[in-house]
$ cat input_35.csv   # CSV, C-alpha atoms
chain,number,residue,atom,x,y,z
A,1,MET,CA,193.8,92.9,108.0
A,2,THR,CA,190.3,92.4,109.4
A,3,THR,CA,187.7,90.2,107.6
A,4,ASN,CA,185.5,93.3,106.7
A,5,ARG,CA,188.5,95.2,105.3
A,6,ALA,CA,189.6,92.2,103.3
A,7,GLN,CA,186.1,91.9,101.8
A,8,GLU,CA,185.9,95.6,101.0
A,9,LEU,CA,189.3,95.4,99.3
A,10,ALA,CA,188.3,92.4,97.2
A,11,TRP,CA,185.1,94.2,96.3
A,12,LEU,CA,187.0,97.3,95.2
A,13,ARG,CA,189.2,95.3,92.9
A,14,THR,CA,186.2,93.7,91.2
A,15,ILE,CA,184.6,97.1,90.5
A,16,SER,CA,187.8,99.0,89.5
A,17,GLY,CA,187.1,98.6,85.8
A,18,GLU,CA,183.5,99.9,86.3
A,19,LEU,CA,184.9,102.9,88.2
A,20,ALA,CA,187.3,103.7,85.4
A,21,THR,CA,184.5,103.5,82.8
A,22,LEU,CA,182.1,105.7,84.9
A,23,THR,CA,184.9,108.2,85.4
A,24,VAL,CA,185.7,108.6,81.7
A,25,THR,CA,181.9,109.0,81.0
A,26,ARG,CA,181.6,111.6,83.7
A,27,LEU,CA,184.6,113.5,82.3
A,28,GLU,CA,183.1,113.7,78.9
A,29,ASP,CA,179.7,114.8,80.3
A,30,THR,CA,181.0,117.5,82.8
A,31,LEU,CA,184.3,118.9,81.5
A,32,PRO,CA,184.1,120.6,78.1
A,33,TRP,CA,187.9,121.0,77.9
A,34,TYR,CA,188.3,117.2,78.1
A,35,GLY,CA,186.1,116.6,75.0
A,36,ASN,CA,188.0,119.2,73.1
A,37,MET,CA,191.4,117.6,73.6
A,38,PRO,CA,193.1,115.5,70.9
A,39,PRO,CA,192.5,111.7,71.3
A,40,SER,CA,196.0,111.1,72.6
A,41,ARG,CA,195.6,113.7,75.3
A,42,ARG,CA,192.2,112.3,76.3
A,43,SER,CA,193.7,108.9,76.5
A,44,ALA,CA,196.5,110.2,78.8
A,45,VAL,CA,194.0,112.0,81.0
A,46,GLY,CA,191.9,108.8,81.3
A,47,LEU,CA,195.1,106.9,82.2
A,48,VAL,CA,195.7,109.3,85.0
A,49,ALA,CA,192.2,108.8,86.3
A,50,GLN,CA,192.5,105.0,86.1
A,51,THR,CA,195.9,105.1,87.9
A,52,GLY,CA,194.2,107.2,90.6
A,53,ILE,CA,191.6,104.5,91.2
A,54,SER,CA,194.2,101.7,91.2
A,55,SER,CA,196.4,103.7,93.5
A,56,PHE,CA,193.5,104.3,95.9
A,57,ILE,CA,192.9,100.5,96.1
A,58,GLN,CA,196.6,99.9,96.9
A,59,TRP,CA,196.6,102.7,99.4
A,60,TYR,CA,193.5,101.2,101.1
A,61,GLU,CA,195.2,97.9,101.4
A,62,ASP,CA,198.0,99.3,103.5
A,63,PRO,CA,197.9,103.1,104.0
A,64,GLY,CA,200.9,103.0,106.4
A,65,ALA,CA,203.2,101.1,104.1
A,66,THR,CA,202.8,103.5,101.2
A,67,PRO,CA,202.1,107.0,102.6
A,68,TRP,CA,203.1,108.8,99.4
A,69,ILE,CA,201.5,106.5,96.9
A,70,ALA,CA,199.2,109.4,95.8
A,71,SER,CA,202.1,111.1,94.1
A,72,ASP,CA,202.4,108.0,91.8
A,73,VAL,CA,199.1,109.0,90.2
A,74,PHE,CA,200.9,111.5,88.0
A,75,SER,CA,203.9,109.4,87.2
A,76,SER,CA,202.2,107.9,84.2
A,77,ALA,CA,201.3,111.3,82.7
A,78,PRO,CA,203.5,112.4,79.9
A,79,ARG,CA,205.3,115.7,80.3
A,80,GLU,CA,203.4,117.4,77.5
A,81,LEU,CA,200.1,116.6,79.4
A,82,LEU,CA,201.3,118.6,82.4
A,83,ARG,CA,202.0,121.5,80.1
A,84,SER,CA,198.7,121.2,78.2
A,85,ILE,CA,196.3,121.1,81.2
A,86,SER,CA,196.3,123.7,84.0
A,87,LEU,CA,196.4,123.1,87.7
A,88,GLN,CA,192.7,124.2,87.8
A,89,GLU,CA,191.8,121.6,85.2
A,90,THR,CA,193.7,119.0,87.1
A,91,LEU,CA,191.8,119.7,90.3
A,92,GLN,CA,188.6,119.4,88.3
A,93,LEU,CA,189.8,116.0,87.1
A,94,ILE,CA,190.5,115.0,90.7
A,95,ARG,CA,187.0,116.2,91.8
A,96,VAL,CA,185.3,114.1,89.1
A,97,VAL,CA,187.3,111.0,90.0
A,98,VAL,CA,186.6,111.4,93.7
A,99,THR,CA,182.9,112.1,93.1
A,100,VAL,CA,182.5,109.0,91.0
A,101,VAL,CA,184.3,106.8,93.5
A,102,GLU,CA,182.5,108.4,96.5
A,103,GLU,CA,179.0,107.8,94.9
A,104,ARG,CA,179.8,104.2,94.1
A,105,VAL,CA,181.9,103.2,97.0
A,106,ALA,CA,181.2,105.4,100.1
A,107,PRO,CA,177.7,104.0,100.7
A,108,ARG,CA,179.1,100.5,101.4
A,109,SER,CA,180.8,101.5,104.7
A,110,HIS,CA,181.9,104.4,106.9
A,111,SER,CA,185.5,103.3,106.7
A,112,LEU,CA,185.5,103.5,102.9
A,113,ARG,CA,184.0,107.0,103.1
A,114,GLU,CA,186.8,108.2,105.4
A,115,ALA,CA,189.4,106.5,103.3
A,116,ILE,CA,188.1,108.4,100.1
A,117,LEU,CA,188.3,111.7,101.9
A,118,HIS,CA,191.8,111.1,103.2
A,119,TYR,CA,193.1,109.8,99.9
A,120,SER,CA,191.5,112.6,97.9
A,121,ARG,CA,193.3,115.1,100.1
A,122,ASP,CA,196.7,113.4,99.4
A,123,VAL,CA,196.0,113.4,95.7
A,124,ALA,CA,195.2,117.1,95.7
A,125,PHE,CA,198.4,117.9,97.5
A,126,ALA,CA,200.3,115.6,95.1
A,127,ALA,CA,198.9,117.5,92.2
A,128,ALA,CA,199.9,120.8,93.7
A,129,ASP,CA,203.4,119.4,94.3
A,130,VAL,CA,203.8,118.2,90.7
A,131,TYR,CA,202.8,121.6,89.3
A,132,ALA,CA,204.9,123.5,91.8
A,133,ARG,CA,208.0,121.5,90.7
A,134,GLN,CA,207.1,122.0,87.0
A,135,ALA,CA,206.8,125.8,87.6
A,136,GLU,CA,210.1,125.9,89.5
A,137,ALA,CA,211.8,124.0,86.7
A,138,ARG,CA,210.3,126.3,84.1
A,139,GLY,CA,211.3,129.3,86.1
A,140,LEU,CA,214.9,128.2,86.2
A,141,TRP,CA,214.9,127.4,82.5
A,142,ASP,CA,213.3,130.8,81.7
A,143,ALA,CA,215.9,132.5,83.8
A,144,ARG,CA,218.8,130.8,82.0
A,145,LEU,CA,217.2,131.4,78.6
A,146,GLU,CA,216.6,135.1,79.4
A,147,ALA,CA,220.2,135.5,80.6
A,148,LEU,CA,221.4,133.9,77.3
A,149,VAL,CA,219.2,136.2,75.2
A,150,VAL,CA,220.4,139.3,77.1
A,151,ASP,CA,224.0,138.2,76.7
A,152,SER,CA,223.5,137.7,73.0
A,153,ILE,CA,222.1,141.2,72.7
A,154,LEU,CA,225.0,142.7,74.7
A,155,THR,CA,227.7,140.9,72.6
A,156,GLY,CA,225.9,141.4,69.3
A,157,GLU,CA,226.4,137.7,68.6
A,158,SER,CA,222.8,137.0,67.6
A,159,ASP,CA,222.0,134.0,65.4
A,160,ASP,CA,219.0,132.6,63.6
A,161,GLU,CA,217.8,131.1,66.9
A,162,LEU,CA,217.5,134.4,68.7
A,163,PRO,CA,213.9,135.1,67.5
A,164,SER,CA,212.7,131.7,68.6
A,165,ARG,CA,214.4,132.2,72.0
A,166,ILE,CA,212.7,135.5,72.5
A,167,ALA,CA,209.3,134.0,71.5
A,168,ALA,CA,209.9,131.2,74.0
A,169,LEU,CA,210.2,133.8,76.8
A,170,GLY,CA,206.8,135.2,76.0
A,171,TRP,CA,208.0,138.6,74.8
A,172,HIS,CA,205.1,141.0,74.5
A,173,GLY,CA,207.1,144.0,73.2
A,174,ASP,CA,205.7,145.5,70.0
A,175,GLY,CA,208.1,147.1,67.5
A,176,GLU,CA,210.8,149.4,68.9
A,177,ALA,CA,213.2,148.5,71.7
A,178,ALA,CA,215.9,150.2,73.8
A,179,VAL,CA,218.5,149.0,76.3
A,180,LEU,CA,218.9,150.5,79.8
A,181,VAL,CA,222.2,149.8,81.6
A,182,GLY,CA,223.2,150.7,85.2
A,183,SER,CA,224.4,149.0,88.4
A,184,ALA,CA,222.5,147.1,91.0
A,185,GLU,CA,222.9,145.0,94.1
A,186,ARG,CA,222.8,141.3,93.8
A,187,SER,CA,219.6,141.3,95.8
A,188,VAL,CA,217.7,143.4,93.2
A,189,ASP,CA,214.0,142.7,93.1
A,190,VAL,CA,213.5,141.4,89.6
A,191,ASP,CA,209.8,140.8,90.1
A,192,GLN,CA,209.3,144.4,91.1
A,193,LEU,CA,211.1,145.6,88.0
A,194,ARG,CA,208.8,143.5,85.8
A,195,ARG,CA,205.7,144.9,87.6
A,196,THR,CA,206.9,148.5,87.2
A,197,ALA,CA,207.7,148.0,83.5
A,198,ARG,CA,204.3,146.4,83.0
A,199,HIS,CA,202.5,149.3,84.7
A,200,ALA,CA,204.5,151.7,82.4
A,201,GLY,CA,203.3,149.8,79.3
A,202,ALA,CA,206.5,148.0,78.6
A,203,ASP,CA,207.9,144.5,78.5
A,204,VAL,CA,211.4,143.8,79.8
A,205,LEU,CA,214.2,141.3,79.6
A,206,ILE,CA,216.5,141.4,82.6
A,207,GLY,CA,220.2,140.5,82.8
A,208,LEU,CA,222.2,140.8,86.0
A,209,GLN,CA,225.9,140.4,85.4
A,210,GLY,CA,227.8,140.9,88.6
A,211,THR,CA,226.9,144.4,89.6
A,212,ARG,CA,225.8,145.4,86.2
A,213,LEU,CA,222.0,145.4,85.5
A,214,VAL,CA,220.8,145.4,81.9
A,215,LEU,CA,217.1,145.9,81.0
A,216,VAL,CA,216.0,145.4,77.4
A,217,LEU,CA,212.8,147.4,77.0
A,218,GLY,CA,209.9,147.1,74.5
A,219,ARG,CA,206.5,148.8,74.5
A,220,MET,CA,203.5,146.5,74.9
A,221,ALA,CA,200.5,146.8,72.6
A,222,PRO,CA,197.1,147.0,74.4
A,223,PRO,CA,195.7,143.5,74.6
A,224,ALA,CA,192.7,142.4,72.5
A,225,VAL,CA,189.4,141.8,74.3
A,226,ASP,CA,187.3,138.7,73.3
A,227,GLY,CA,188.8,138.5,69.9
A,228,ALA,CA,188.1,142.2,69.1
A,229,PRO,CA,190.9,144.5,67.9
A,230,ALA,CA,193.1,146.0,70.6
A,231,PRO,CA,191.7,149.2,71.9
A,232,THR,CA,193.4,152.4,70.9
A,233,ALA,CA,195.1,154.0,73.9
A,234,GLU,CA,193.7,157.4,74.9
A,235,GLU,CA,197.1,158.6,76.0
A,236,PRO,CA,200.2,158.5,73.7
A,237,PRO,CA,202.6,155.7,74.5
A,238,ARG,CA,205.3,156.6,77.0
A,239,THR,CA,208.8,157.3,75.6
A,240,PHE,CA,211.6,154.9,76.6
A,241,LEU,CA,213.1,157.7,78.6
A,242,GLU,CA,209.9,158.0,80.6
A,243,ILE,CA,209.8,154.2,81.1
A,244,ALA,CA,213.5,154.3,82.2
A,245,GLY,CA,212.7,157.0,84.7
A,246,ARG,CA,210.1,154.8,86.3
A,247,LEU,CA,212.5,151.9,86.5
A,248,SER,CA,215.4,153.9,87.9
A,249,ASP,CA,214.5,153.2,91.6
A,250,GLY,CA,215.4,149.5,90.9
A,251,PHE,CA,219.0,150.4,90.2
A,252,ALA,CA,221.8,151.2,92.6
A,253,ASP,CA,223.5,154.6,92.7
A,254,GLY,CA,225.6,155.5,89.8
A,255,PRO,CA,225.3,156.2,86.1
A,256,LEU,CA,222.1,155.0,84.4
A,257,VAL,CA,222.2,155.2,80.6
A,258,LEU,CA,219.5,154.5,78.0
A,259,GLY,CA,220.7,153.4,74.5
A,260,PRO,CA,219.1,154.8,71.4
A,261,THR,CA,215.8,153.4,70.1
A,262,VAL,CA,216.0,150.7,67.5
A,263,ASP,CA,213.3,149.3,65.2
A,264,ASN,CA,213.0,145.9,66.9
A,265,LEU,CA,214.5,143.6,69.5
A,266,ILE,CA,216.7,141.8,67.0
A,267,GLU,CA,218.6,145.1,66.5
A,268,ALA,CA,218.9,145.8,70.2
A,269,SER,CA,222.6,145.1,70.2
A,270,LYS,CA,223.1,148.6,68.7
A,271,SER,CA,221.3,150.2,71.6
A,272,ALA,CA,223.2,148.0,74.0
A,273,ARG,CA,226.6,149.0,72.6
A,274,ALA,CA,225.8,152.7,73.0
A,275,ALA,CA,224.4,152.3,76.5
A,276,LEU,CA,227.5,150.3,77.7
A,277,ALA,CA,229.8,153.0,76.2
A,278,GLY,CA,227.8,155.7,77.9
A,279,VAL,CA,228.0,154.0,81.3
A,280,ALA,CA,231.8,153.9,81.0
A,281,VAL,CA,232.1,157.8,80.5
A,282,ALA,CA,228.9,159.1,82.2
A,283,ARG,CA,230.8,160.4,85.2
A,284,ALA,CA,232.7,162.8,83.0
A,285,TRP,CA,229.5,164.9,82.7
A,286,ARG,CA,229.2,166.4,86.2
A,287,HIS,CA,225.5,167.2,86.0
A,288,ALA,CA,224.3,164.3,83.9
A,289,PRO,CA,220.6,163.5,84.5
A,290,ARG,CA,219.6,160.0,85.6
A,291,PRO,CA,218.8,158.3,83.4
A,292,VAL,CA,220.7,159.9,80.6
A,293,LEU,CA,220.5,159.2,76.9
A,294,ALA,CA,223.5,157.6,75.4
A,295,ASP,CA,223.4,160.1,72.5
A,296,ASP,CA,223.7,162.9,75.0
A,297,LEU,CA,227.1,161.5,76.0
A,298,LEU,CA,228.4,161.5,72.4
A,299,PRO,CA,231.3,163.9,73.1
A,300,GLU,CA,232.6,161.9,76.0
A,301,ARG,CA,232.2,158.6,74.2
A,302,ALA,CA,234.0,159.9,71.1
A,303,LEU,CA,236.9,161.2,73.3
A,304,ALA,CA,237.1,157.7,74.9
A,305,GLY,CA,237.5,156.1,71.5
A,306,ASP,CA,234.0,154.9,70.8
A,307,GLY,CA,233.8,154.5,67.0
A,308,LEU,CA,230.0,154.3,67.1
A,309,ALA,CA,229.8,157.7,68.8
A,310,ARG,CA,232.1,159.3,66.2
A,311,ARG,CA,230.0,157.8,63.4
A,312,THR,CA,226.8,159.0,65.0
A,313,LEU,CA,228.2,162.5,65.4
A,314,ILE,CA,229.2,162.5,61.7
A,315,GLU,CA,226.1,160.9,60.3
A,316,GLN,CA,223.5,162.7,62.4
A,317,ILE,CA,225.0,166.2,62.6
A,318,TYR,CA,228.0,166.9,60.3
A,319,GLU,CA,226.8,165.2,57.1
A,320,PRO,CA,223.2,166.5,57.2
A,321,LEU,CA,224.4,170.0,57.7
A,322,LEU,CA,227.0,169.7,54.9
A,323,THR,CA,224.4,168.3,52.6
A,324,HIS,CA,221.8,170.9,53.4
A,325,SER,CA,223.7,174.1,53.3
A,326,ALA,CA,227.3,175.3,53.5
A,327,GLU,CA,226.0,178.6,54.8
A,328,LEU,CA,224.5,176.9,57.9
A,329,MET,CA,227.7,175.0,58.4
A,330,GLU,CA,229.8,178.2,58.3
A,331,THR,CA,227.4,180.0,60.7
A,332,LEU,CA,227.5,177.2,63.2
A,333,TRP,CA,231.3,177.1,63.1
A,334,CYS,CA,231.5,180.8,63.6
A,335,TYR,CA,228.9,180.8,66.4
A,336,LEU,CA,230.7,178.0,68.4
A,337,ASP,CA,234.2,179.5,67.8
A,338,ASN,CA,233.0,182.9,69.1
A,339,GLY,CA,231.8,181.5,72.4
A,340,ARG,CA,228.1,181.4,71.3
A,341,SER,CA,228.0,185.2,70.9
A,342,LEU,CA,225.5,186.4,68.4
A,343,GLU,CA,227.1,189.8,68.0
A,344,ALA,CA,230.6,188.4,67.4
A,345,THR,CA,229.3,185.9,64.9
A,346,ALA,CA,227.3,188.6,63.1
A,347,ARG,CA,230.4,190.8,62.8
A,348,GLU,CA,232.6,187.9,61.5
A,349,LEU,CA,230.0,187.0,58.9
A,350,PHE,CA,229.0,190.7,58.1
A,351,VAL,CA,225.3,190.0,58.7
A,352,HIS,CA,222.7,191.1,61.2
A,353,PRO,CA,222.4,189.2,64.6
A,354,ASN,CA,218.8,188.4,63.6
A,355,THR,CA,220.2,186.6,60.6
A,356,VAL,CA,222.4,184.5,62.8
A,357,ARG,CA,219.4,183.7,65.0
A,358,TYR,CA,217.4,182.6,61.9
A,359,ARG,CA,220.2,180.4,60.7
A,360,LEU,CA,220.7,178.8,64.1
A,361,LYS,CA,217.0,178.0,64.2
A,362,LYS,CA,217.4,176.4,60.8
A,363,VAL,CA,220.3,174.3,62.1
A,364,SER,CA,218.1,173.1,64.9
A,365,GLU,CA,215.4,172.1,62.4
A,366,VAL,CA,217.8,170.2,60.2
A,367,ILE,CA,219.6,168.1,62.9
A,368,GLY,CA,217.4,168.4,66.0
A,369,TRP,CA,220.0,169.9,68.3
A,370,ASN,CA,219.9,173.5,69.6
A,371,ALA,CA,223.2,175.3,69.3
A,372,THR,CA,222.3,177.9,71.9
A,373,GLY,CA,222.3,175.4,74.7
A,374,ALA,CA,225.5,174.8,76.6
A,375,ARG,CA,225.4,171.0,76.5
A,376,GLU,CA,224.1,170.7,72.9
A,377,SER,CA,226.7,173.2,71.7
A,378,LEU,CA,229.4,170.8,73.0
A,379,ILE,CA,227.8,168.0,71.1
A,380,LEU,CA,227.6,170.0,67.9
A,381,GLN,CA,231.2,171.2,68.2
A,382,SER,CA,232.4,167.7,68.7
A,383,ALA,CA,230.4,166.7,65.6
A,384,LEU,CA,232.1,169.4,63.5
A,385,ILE,CA,235.5,168.4,64.7
A,386,ALA,CA,234.9,164.7,64.1
A,387,GLY,CA,233.5,165.4,60.7
A,388,SER,CA,236.3,167.6,59.6
A,389,ILE,CA,238.9,165.0,60.7
A,390,ALA,CA,237.1,162.3,58.9
A,391,GLN,CA,236.8,164.4,55.7
A,392,GLN,CA,240.5,165.4,55.8
A,393,GLY,CA,241.3,161.7,56.4
A,394,GLY,CA,239.9,160.8,53.0
A,395,ARG,CA,236.3,160.1,53.9
A,396,ARG,CA,234.1,161.2,51.0
A,397,PRO,CA,231.6,163.9,52.0
A,398,PRO,CA,228.0,163.5,50.8
A,399,LYS,CA,226.9,165.4,47.7
A,400,ARG,CA,225.5,168.8,48.5
A,401,ALA,CA,222.0,169.6,47.6
A,402,SER,CA,221.6,171.7,44.6

$ encode --input "input_35.csv" --output "structure tokens"
Amino acid sequence: MTTNRAQELAWLRTISGELATLTVTRLEDTLPWYGNMPPSRRSAVGLVAQTGISSFIQWYEDPGATPWIASDVFSSAPRELLRSISLQETLQLIRVVVTVVEERVAPRSHSLREAILHYSRDVAFAAADVYARQAEARGLWDARLEALVVDSILTGESDDELPSRIAALGWHGDGEAAVLVGSAERSVDVDQLRRTARHAGADVLIGLQGTRLVLVLGRMAPPAVDGAPAPTAEEPPRTFLEIAGRLSDGFADGPLVLGPTVDNLIEASKSARAALAGVAVARAWRHAPRPVLADDLLPERALAGDGLARRTLIEQIYEPLLTHSAELMETLWCYLDNGRSLEATARELFVHPNTVRYRLKKVSEVIGWNATGARESLILQSALIAGSIAQQGGRRPPKRAS
């Protein structure tokens, strides 16, 4: 080591305390976020700054022997500090430290000025590397947590920790949720699915299990602006079926089934069960749309032994009709048994065909399905059969309205 370099190194060691004090003072004067931090965090930031100055002195003593000493600057920082200050704030911190050192040290010699520039570059790259590794680790953790949440929803084995896990994932869904199930290649572009969902006004949890792709959907509320209430959307929110249609390109060929809407994400297992049952039987409907609602596959699901489908048919169609009017129930039975012929139904019931039309319209108003459509008539007939079997098997029918 030359005499001049040895003298400069000795001088740097004598002013290291002064540099640390000047740096902390400059941080308080120039960085508002530093002054707003709790004392423990400010102390940790100051420690990083002091370590940076000490590390520079060690590096200046022998740059070749310790080429990666800059990365040690952040080794003294607690993990929570890395999570509490952003990469942008870290770069601001580095800029302040470098500025203070440069103002105090650089005028002494040209070699010190070059050393500061060289070292500051290494520290900046070291900071980027630290945050990149943190982001990668967080990404892997989020992926594992997301897979765990989706698996819990599929199996219905939710526990008290499920809400906290969902919150940890940064779920932005508001209120209702639904589950979309289909197939996909292992190389599915998950990021593109998230972007598409976001543009459609939805948040999404994604689970890829072999070739099965599961999306848990929730609508996102418009964000608040500067603390003001969230703006009211000019357009009505998209239905989950519309959102699923936008996401369909991310799935491979094959059935794509959307489960029924539930009140919140905690109850999404009900939607998942229906969607999984629908995927298993969707090919039995030759002209099934894509995506298709799980409730539009109720006959196929019931025939395949899906108890949830049978209960849905009974509770949403058979029992409401039985409760509302025996006359409507009889008219629907006759209409379906006579091949959806208005004239044949009218003759059997000794009424005018217009009366049959009126009663069928009332049926549609009561249960939401239109008996005159080919597909919906199959659903209604399946509901009548399932309800009759359940009633004959000892299930108590609801009390009829007076």

$ closest_residue --input "input_35.csv" --among "A:Ser109, A:Glu176, A:Val214, A:Val188" --to "Asp151 (chain A)" --atoms "only C-alpha atoms"
A:Val214

$ closest_atom_pairs --input "input_35.csv" --of "region 260-311 of chain A" --to "region 239-253 of chain A" --cutoff "9 Å" --atoms "all atoms listed in the file" --output "tab-separated table"
residue	atom	partner	partner_atom	distance
A:Thr261	CA	A:Phe240	CA	7.9
A:Arg290	CA	A:Gly245	CA	7.6
A:Pro291	CA	A:Gly245	CA	6.4
A:Val292	CA	A:Leu241	CA	8.2
A:Leu293	CA	A:Leu241	CA	7.7

$ residues_around --input "input_35.csv" --residues "Val216 (chain A)" --least-positions-apart "3" --cutoff "8 Å" --atoms "all atoms listed in the file" --output "VMD selection string"
chain A and resid 150 177 to 180 204 to 206 268

$ atom_distance --input "input_35.csv" --atom1 "CA of Glu146 (chain A)" --atom2 "CA of Ile166 (chain A)"
7.9 Å

$ residues_around --input "input_35.csv" --residues "Ala383 (chain A)" --least-positions-apart "6" --cutoff "9 Å" --atoms "all atoms listed in the file" --output "ChimeraX atom specification"
/A:298-299,310,312-318

$ closest_residue --input "input_35.csv" --among "A:Val149, A:Ile389, A:Ile57, A:Ala274" --to "Ala6 (chain A)" --atoms "all atoms listed in the file"
A:Ile57

$ atom_distance --input "input_35.csv" --atom1 "CA of Tyr119 (chain A)" --atom2 "CA of Ser43 (chain A)"
23.4 Å

$ residues_around --input "input_35.csv" --residues "Ser152 (chain A)" --least-positions-apart "2" --cutoff "12 Å" --atoms "all atoms listed in the file" --output "PyMOL selection string"
chain A and resi 145-150+154-163+165-166+205+207+216+265-270+272-273

$ atom_distance --input "input_35.csv" --atom1 "CA of Asp296 (chain A)" --atom2 "CA of Gly201 (chain A)"
24.6 Å

$ build_atoms --input "input_35.csv" --residues "region 303-316 of chain A" --atoms "N, CA and C atoms" --output "compact mmCIF listing (two decimals), in the coordinates of the input"
# COMPACT_ATOMS: atom_id res chain seq x y z
N LEU A 303 235.56 160.92 72.69
CA LEU A 303 236.90 161.20 73.30
C LEU A 303 237.48 159.88 73.86
N ALA A 304 236.60 158.99 74.33
CA ALA A 304 237.10 157.70 74.90
C ALA A 304 237.39 156.68 73.85
N GLY A 305 237.20 157.04 72.57
CA GLY A 305 237.50 156.10 71.50
C GLY A 305 236.40 155.29 70.96
N ASP A 306 235.17 155.68 71.27
CA ASP A 306 234.00 154.90 70.80
C ASP A 306 233.75 155.27 69.34
N GLY A 307 234.03 154.32 68.45
CA GLY A 307 233.80 154.50 67.00
C GLY A 307 232.37 154.76 66.67
N LEU A 308 231.47 154.07 67.39
CA LEU A 308 230.00 154.30 67.10
C LEU A 308 229.62 155.69 67.42
N ALA A 309 230.16 156.29 68.48
CA ALA A 309 229.80 157.70 68.80
C ALA A 309 230.32 158.62 67.73
N ARG A 310 231.54 158.40 67.24
CA ARG A 310 232.10 159.30 66.20
C ARG A 310 231.21 159.17 64.92
N ARG A 311 230.84 157.94 64.55
CA ARG A 311 230.00 157.80 63.40
C ARG A 311 228.64 158.45 63.56
N THR A 312 228.10 158.36 64.77
CA THR A 312 226.80 159.00 65.00
C THR A 312 226.91 160.50 64.92
N LEU A 313 227.96 161.08 65.46
CA LEU A 313 228.20 162.50 65.40
C LEU A 313 228.26 162.96 63.90
N ILE A 314 228.99 162.18 63.12
CA ILE A 314 229.20 162.50 61.70
C ILE A 314 227.90 162.36 60.92
N GLU A 315 227.25 161.22 61.11
CA GLU A 315 226.10 160.90 60.30
C GLU A 315 224.82 161.62 60.68
N GLN A 316 224.70 162.00 61.95
CA GLN A 316 223.50 162.70 62.40
C GLN A 316 223.61 164.19 62.43
